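Raw contents of start.cif, mmCIF, C-alpha atoms:
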```
data_structure
#
loop_
_atom_site.group_PDB
_atom_site.id
_atom_site.type_symbol
_atom_site.label_atom_id
_atom_site.label_comp_id
_atom_site.auth_asym_id
_atom_site.auth_seq_id
_atom_site.Cartn_x
_atom_site.Cartn_y
_atom_site.Cartn_z
ATOM 1 C CA MET A 24 35.425 115.464 34.457
ATOM 2 C CA ASP A 25 37.146 117.358 31.711
ATOM 3 C CA ARG A 26 33.915 117.525 29.687
ATOM 4 C CA ALA A 27 31.963 118.923 32.626
ATOM 5 C CA ALA A 28 34.572 121.653 33.047
ATOM 6 C CA ALA A 29 34.879 122.348 29.324
ATOM 7 C CA THR A 30 31.130 122.636 28.775
ATOM 8 C CA ARG A 31 30.507 124.564 32.002
ATOM 9 C CA ALA A 32 27.570 122.284 32.690
ATOM 10 C CA HIS A 33 25.121 123.372 35.368
ATOM 11 C CA VAL A 34 23.867 119.831 35.983
ATOM 12 C CA VAL A 35 25.597 116.531 35.237
ATOM 13 C CA LEU A 36 23.747 113.234 34.917
ATOM 14 C CA MET A 37 26.079 110.622 36.412
ATOM 15 C CA ASP A 38 25.901 106.856 36.114
ATOM 16 C CA ILE A 39 27.131 104.589 38.918
ATOM 17 C CA ARG A 40 29.091 102.242 36.666
ATOM 18 C CA MET A 41 31.475 103.883 34.246
ATOM 19 C CA PRO A 42 34.833 102.936 32.762
ATOM 20 C CA VAL A 43 37.990 104.522 34.181
ATOM 21 C CA MET A 44 36.339 106.000 37.307
ATOM 22 C CA GLY A 45 33.129 104.914 39.015
ATOM 23 C CA GLY A 46 30.251 107.373 39.159
ATOM 24 C CA LEU A 47 30.310 107.739 42.931
ATOM 25 C CA GLU A 48 34.005 108.592 42.954
ATOM 26 C CA ALA A 49 33.519 110.894 39.954
ATOM 27 C CA THR A 50 30.700 112.638 41.841
ATOM 28 C CA ARG A 51 32.941 113.074 44.892
ATOM 29 C CA VAL A 52 35.785 114.517 42.807
ATOM 30 C CA LEU A 53 33.509 116.731 40.699
ATOM 31 C CA CYS A 54 31.602 118.140 43.690
ATOM 32 C CA ALA A 55 34.855 118.989 45.464
ATOM 33 C CA THR A 56 35.954 121.356 42.689
ATOM 34 C CA PRO A 57 35.193 125.082 42.929
ATOM 35 C CA GLY A 58 32.181 126.088 40.846
ATOM 36 C CA ALA A 59 31.210 122.455 40.387
ATOM 37 C CA PRO A 60 28.016 121.623 38.556
ATOM 38 C CA ARG A 61 25.209 119.942 40.447
ATOM 39 C CA VAL A 62 25.005 116.168 40.033
ATOM 40 C CA ILE A 63 22.068 113.836 39.555
ATOM 41 C CA VAL A 64 22.929 110.165 39.747
ATOM 42 C CA LEU A 65 20.837 108.397 37.107
ATOM 43 C CA THR A 66 21.227 104.650 37.339
ATOM 44 C CA THR A 67 19.617 101.242 37.038
ATOM 45 C CA PHE A 68 20.930 100.281 40.492
ATOM 46 C CA ASP A 69 18.255 100.685 43.168
ATOM 47 C CA ALA A 70 20.493 99.886 46.133
ATOM 48 C CA ASP A 71 20.237 101.751 49.435
ATOM 49 C CA ASP A 72 24.001 101.970 49.808
ATOM 50 C CA TYR A 73 24.339 103.718 46.446
ATOM 51 C CA VAL A 74 21.785 106.363 47.422
ATOM 52 C CA VAL A 75 23.486 107.117 50.729
ATOM 53 C CA GLU A 76 26.934 107.168 49.173
ATOM 54 C CA ALA A 77 25.810 109.341 46.235
ATOM 55 C CA VAL A 78 24.264 111.965 48.524
ATOM 56 C CA GLY A 79 27.321 111.784 50.782
ATOM 57 C CA ALA A 80 29.529 112.353 47.732
ATOM 58 C CA GLY A 81 27.610 115.515 46.893
ATOM 59 C CA ALA A 82 24.855 114.442 44.505
ATOM 60 C CA ASP A 83 21.762 116.649 44.589
ATOM 61 C CA GLY A 84 19.615 114.002 42.978
ATOM 62 C CA PHE A 85 19.224 110.268 42.594
ATOM 63 C CA LEU A 86 16.908 108.837 39.950
ATOM 64 C CA LEU A 87 16.423 105.440 38.396
ATOM 65 C CA LYS A 88 16.774 105.087 34.642
ATOM 66 C CA ASP A 89 13.178 103.916 34.365
ATOM 67 C CA THR A 90 12.071 107.408 35.440
ATOM 68 C CA PRO A 91 9.879 108.882 32.676
ATOM 69 C CA PRO A 92 11.759 111.392 30.475
ATOM 70 C CA ALA A 93 9.512 114.294 31.484
ATOM 71 C CA GLU A 94 10.320 113.635 35.156
ATOM 72 C CA ILE A 95 14.060 113.535 34.379
ATOM 73 C CA VAL A 96 13.778 116.924 32.646
ATOM 74 C CA ALA A 97 11.832 118.292 35.640
ATOM 75 C CA ALA A 98 14.492 116.902 37.990
ATOM 76 C CA VAL A 99 17.296 118.566 36.019
ATOM 77 C CA ARG A 100 15.463 121.888 36.190
ATOM 78 C CA ALA A 101 14.784 121.511 39.911
ATOM 79 C CA VAL A 102 18.386 120.590 40.718
ATOM 80 C CA ALA A 103 19.667 123.455 38.548
ATOM 81 C CA ALA A 104 17.478 125.742 40.684
ATOM 82 C CA GLY A 105 19.073 124.377 43.857
ATOM 83 C CA GLU A 106 16.392 121.881 44.859
ATOM 84 C CA PRO A 107 17.253 118.253 45.645
ATOM 85 C CA MET A 108 15.446 115.588 43.638
ATOM 86 C CA LEU A 109 15.200 111.985 44.779
ATOM 87 C CA SER A 110 13.169 109.118 43.426
ATOM 88 C CA PRO A 111 10.728 107.694 45.992
ATOM 89 C CA SER A 112 12.940 104.633 46.489
ATOM 90 C CA ALA A 113 15.967 106.880 47.082
ATOM 91 C CA THR A 114 14.046 108.858 49.707
ATOM 92 C CA ARG A 115 13.107 105.605 51.470
ATOM 93 C CA ALA A 116 16.756 104.515 51.385
ATOM 94 C CA LEU A 117 17.967 107.773 52.980
ATOM 95 C CA VAL A 118 15.333 107.581 55.706
ATOM 96 C CA ALA A 119 16.256 103.951 56.419
ATOM 97 C CA ALA A 120 19.970 104.810 56.532
ATOM 98 C CA ALA A 121 19.347 107.700 58.917
ATOM 99 C CA ARG A 122 17.387 105.391 61.194
ATOM 100 C CA ARG A 123 20.192 102.811 61.241
ATOM 101 C CA ARG A 124 22.755 105.275 62.627
ATOM 102 C CA PRO A 125 22.944 105.610 66.409
ATOM 103 C CA ALA A 126 20.606 108.488 67.263
ATOM 104 C CA ASP A 127 22.568 109.802 70.251
ATOM 105 C CA ASP A 128 25.840 110.280 68.370
ATOM 106 C CA ARG A 129 24.101 111.678 65.340
ATOM 107 C CA GLY A 130 21.958 114.085 67.352
ATOM 108 C CA GLN A 131 24.865 115.379 69.420
ATOM 109 C CA ALA A 132 27.022 115.954 66.363
ATOM 110 C CA ALA A 133 24.176 117.698 64.528
ATOM 111 C CA ARG A 134 23.350 119.926 67.515
ATOM 112 C CA ALA A 135 27.014 120.908 67.799
ATOM 113 C CA ARG A 136 27.067 121.949 64.134
ATOM 114 C CA LEU A 137 23.767 123.844 64.413
ATOM 115 C CA ASP A 138 24.995 125.682 67.530
ATOM 116 C CA ARG A 139 27.560 127.447 65.308
ATOM 117 C CA LEU A 140 24.791 129.085 63.249
ATOM 118 C CA THR A 141 23.446 132.580 63.701
ATOM 119 C CA GLU A 142 19.753 132.866 64.562
ATOM 120 C CA ARG A 143 18.906 133.775 60.944
ATOM 121 C CA GLU A 144 20.997 130.919 59.543
ATOM 122 C CA ALA A 145 19.158 128.533 61.877
ATOM 123 C CA GLU A 146 15.818 129.843 60.568
ATOM 124 C CA VAL A 147 16.964 129.287 56.987
ATOM 125 C CA ALA A 148 18.242 125.787 57.858
ATOM 126 C CA ASP A 149 14.882 124.936 59.407
ATOM 127 C CA ALA A 150 13.050 126.162 56.296
ATOM 128 C CA VAL A 151 15.363 124.156 54.031
ATOM 129 C CA ALA A 152 14.730 121.101 56.209
ATOM 130 C CA ARG A 153 11.001 121.595 55.662
ATOM 131 C CA GLY A 154 11.636 121.392 51.922
ATOM 132 C CA LEU A 155 11.065 125.043 51.068
ATOM 133 C CA SER A 156 12.648 126.466 47.929
ATOM 134 C CA ASN A 157 14.808 129.586 48.094
ATOM 135 C CA SER A 158 11.904 131.750 46.954
ATOM 136 C CA GLU A 159 9.589 130.198 49.556
ATOM 137 C CA VAL A 160 12.184 130.760 52.292
ATOM 138 C CA ALA A 161 12.577 134.364 51.128
ATOM 139 C CA ALA A 162 8.829 134.962 51.311
ATOM 140 C CA GLU A 163 8.465 133.302 54.721
ATOM 141 C CA LEU A 164 11.408 135.126 56.316
ATOM 142 C CA CYS A 165 10.947 138.452 54.465
ATOM 143 C CA LEU A 166 14.332 138.211 52.742
ATOM 144 C CA SER A 167 15.480 138.552 49.161
ATOM 145 C CA VAL A 168 16.193 135.371 47.231
ATOM 146 C CA ALA A 169 19.818 136.504 46.909
ATOM 147 C CA THR A 170 20.086 136.795 50.710
ATOM 148 C CA VAL A 171 18.599 133.321 51.136
ATOM 149 C CA LYS A 172 21.117 131.934 48.640
ATOM 150 C CA ALA A 173 23.929 133.567 50.631
ATOM 151 C CA HIS A 174 22.625 132.019 53.865
ATOM 152 C CA VAL A 175 22.331 128.585 52.227
ATOM 153 C CA SER A 176 25.893 128.915 50.960
ATOM 154 C CA ARG A 177 27.086 129.687 54.507
ATOM 155 C CA LEU A 178 25.081 126.715 55.776
ATOM 156 C CA PHE A 179 26.985 124.454 53.381
ATOM 157 C CA ASP A 180 30.263 125.727 54.830
ATOM 158 C CA LYS A 181 29.282 125.732 58.505
ATOM 159 C CA LEU A 182 27.495 122.381 58.458
ATOM 160 C CA GLY A 183 29.965 120.642 56.163
ATOM 161 C CA ALA A 184 27.091 119.921 53.761
ATOM 162 C CA VAL A 185 27.354 119.709 50.010
ATOM 163 C CA ASN A 186 23.635 119.868 49.247
ATOM 164 C CA ARG A 187 20.258 120.806 50.748
ATOM 165 C CA VAL A 188 19.448 117.196 51.617
ATOM 166 C CA GLN A 189 22.424 117.104 53.986
ATOM 167 C CA ILE A 190 21.257 120.342 55.638
ATOM 168 C CA ALA A 191 17.830 118.767 56.160
ATOM 169 C CA ILE A 192 19.366 115.595 57.610
ATOM 170 C CA CYS A 193 21.449 117.662 60.054
ATOM 171 C CA VAL A 194 18.375 119.571 61.262
ATOM 172 C CA HIS A 195 16.393 116.320 61.542
ATOM 173 C CA ASP A 196 19.186 114.597 63.469
ATOM 174 C CA ALA A 197 19.493 117.533 65.899
ATOM 175 C CA ARG A 198 15.771 117.365 66.642
ATOM 176 C CA ALA A 199 15.585 113.564 66.844
ATOM 177 C CA GLY A 200 18.690 113.017 68.944
#
```

Once you've parsed the file, please lay out its structure as structure tokens.
Amino acid sequence: MDRAAATRAHVVLMDIRMPVMGGLEATRVLCATPGAPRVIVLTTFDADDYVVEAVGAGADGFLLKDTPPAEIVAAVRAVAAGEPMLSPSATRALVAAARRRPADDRGQAARARLDRLTEREAEVADAVARGLSNSEVAAELCLSVATVKAHVSRLFDKLGAVNRVQIAICVHDARAG
């Protein structure tokens, strides 16, 4: 934690198993600090529960250590630019976890959170849920990238999300439930 703050890192690669404090707890603590760097969990553990917990703790990415180095570098760049990055197995785990939760409760809660958004914020949330980058959202909605970033920041606050994946899950849950 101290190193991340001292180096002013933009992206931290976090392992699940670490001495002193586990990676999931470290991610939770790090992501709760103002101006926190983005986190990619990079681990050998391909367990569904770890993926769900890592994203819930605030991680913007989840990759396995057998990911080719060039893909890790691309993931770091994407996450630094505000895009989530999940290995295919992590994506499957999140989808499976979302399907296991009771749809009615999830949908109602998501709709209640989305009802608090302005019309423009809802449009941005929908675009984020479709996987568009900030620049793609800006082009589609005729906004500046800075304005899109401001809307995404408000979405984090209003939806209680810590990353774009959680915004997408909220929009999906509202539609599905």

Met41 in chain A proximity check over A:Pro111, A:Cys54, A:Val64, A:Gly183, using all atoms listed in the file: winner is A:Val64

Quick one: everything within 12 Å of range 165-170 of chain A, counting only C-alpha atoms, minus sequence neighbours fewer than 2 positions away in the same chain. Send it as a PDB file with C-alpha atoms, in the frame of the given file.
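Result written to part.pdb:
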```pdb
ATOM      1  CA  ALA A 104      17.478 125.742  40.684  1.00  0.00           C
ATOM      2  CA  GLY A 105      19.073 124.377  43.857  1.00  0.00           C
ATOM      3  CA  ARG A 143      18.906 133.775  60.944  1.00  0.00           C
ATOM      4  CA  GLU A 144      20.997 130.919  59.543  1.00  0.00           C
ATOM      5  CA  GLU A 146      15.818 129.843  60.568  1.00  0.00           C
ATOM      6  CA  VAL A 147      16.964 129.287  56.987  1.00  0.00           C
ATOM      7  CA  SER A 156      12.648 126.466  47.929  1.00  0.00           C
ATOM      8  CA  ASN A 157      14.808 129.586  48.094  1.00  0.00           C
ATOM      9  CA  SER A 158      11.904 131.750  46.954  1.00  0.00           C
ATOM     10  CA  GLU A 159       9.589 130.198  49.556  1.00  0.00           C
ATOM     11  CA  VAL A 160      12.184 130.760  52.292  1.00  0.00           C
ATOM     12  CA  ALA A 161      12.577 134.364  51.128  1.00  0.00           C
ATOM     13  CA  ALA A 162       8.829 134.962  51.311  1.00  0.00           C
ATOM     14  CA  GLU A 163       8.465 133.302  54.721  1.00  0.00           C
ATOM     15  CA  LYS A 172      21.117 131.934  48.640  1.00  0.00           C
ATOM     16  CA  ALA A 173      23.929 133.567  50.631  1.00  0.00           C
ATOM     17  CA  HIS A 174      22.625 132.019  53.865  1.00  0.00           C
ATOM     18  CA  VAL A 175      22.331 128.585  52.227  1.00  0.00           C
ATOM     19  CA  SER A 176      25.893 128.915  50.960  1.00  0.00           C
ATOM     20  CA  ARG A 177      27.086 129.687  54.507  1.00  0.00           C
TER      21      ARG A 177
END
```

List as a ChimeraX atom specification the protein and nucleic acid residues near Val74 in chain A, meaning an atom at most 9 Å away when all atoms listed in the file are counted, but skip any in the same chain fewer than 6 places from it.
/A:64,85,113-114,116-117

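Across the structure, CA of Ala148 in chain A and CA of Val118 in chain A are spaced 18.6 Å apart.
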
Given 8 Å of margin on each side, can you work out the centre and size in Å (one decimal) of an axis-aligned box holding every listed atom of range 79-82 of chain A, as JSON?
```
{"center_x": 27.2, "center_y": 113.6, "center_z": 47.6, "size_x": 20.7, "size_y": 19.7, "size_z": 22.3}
```
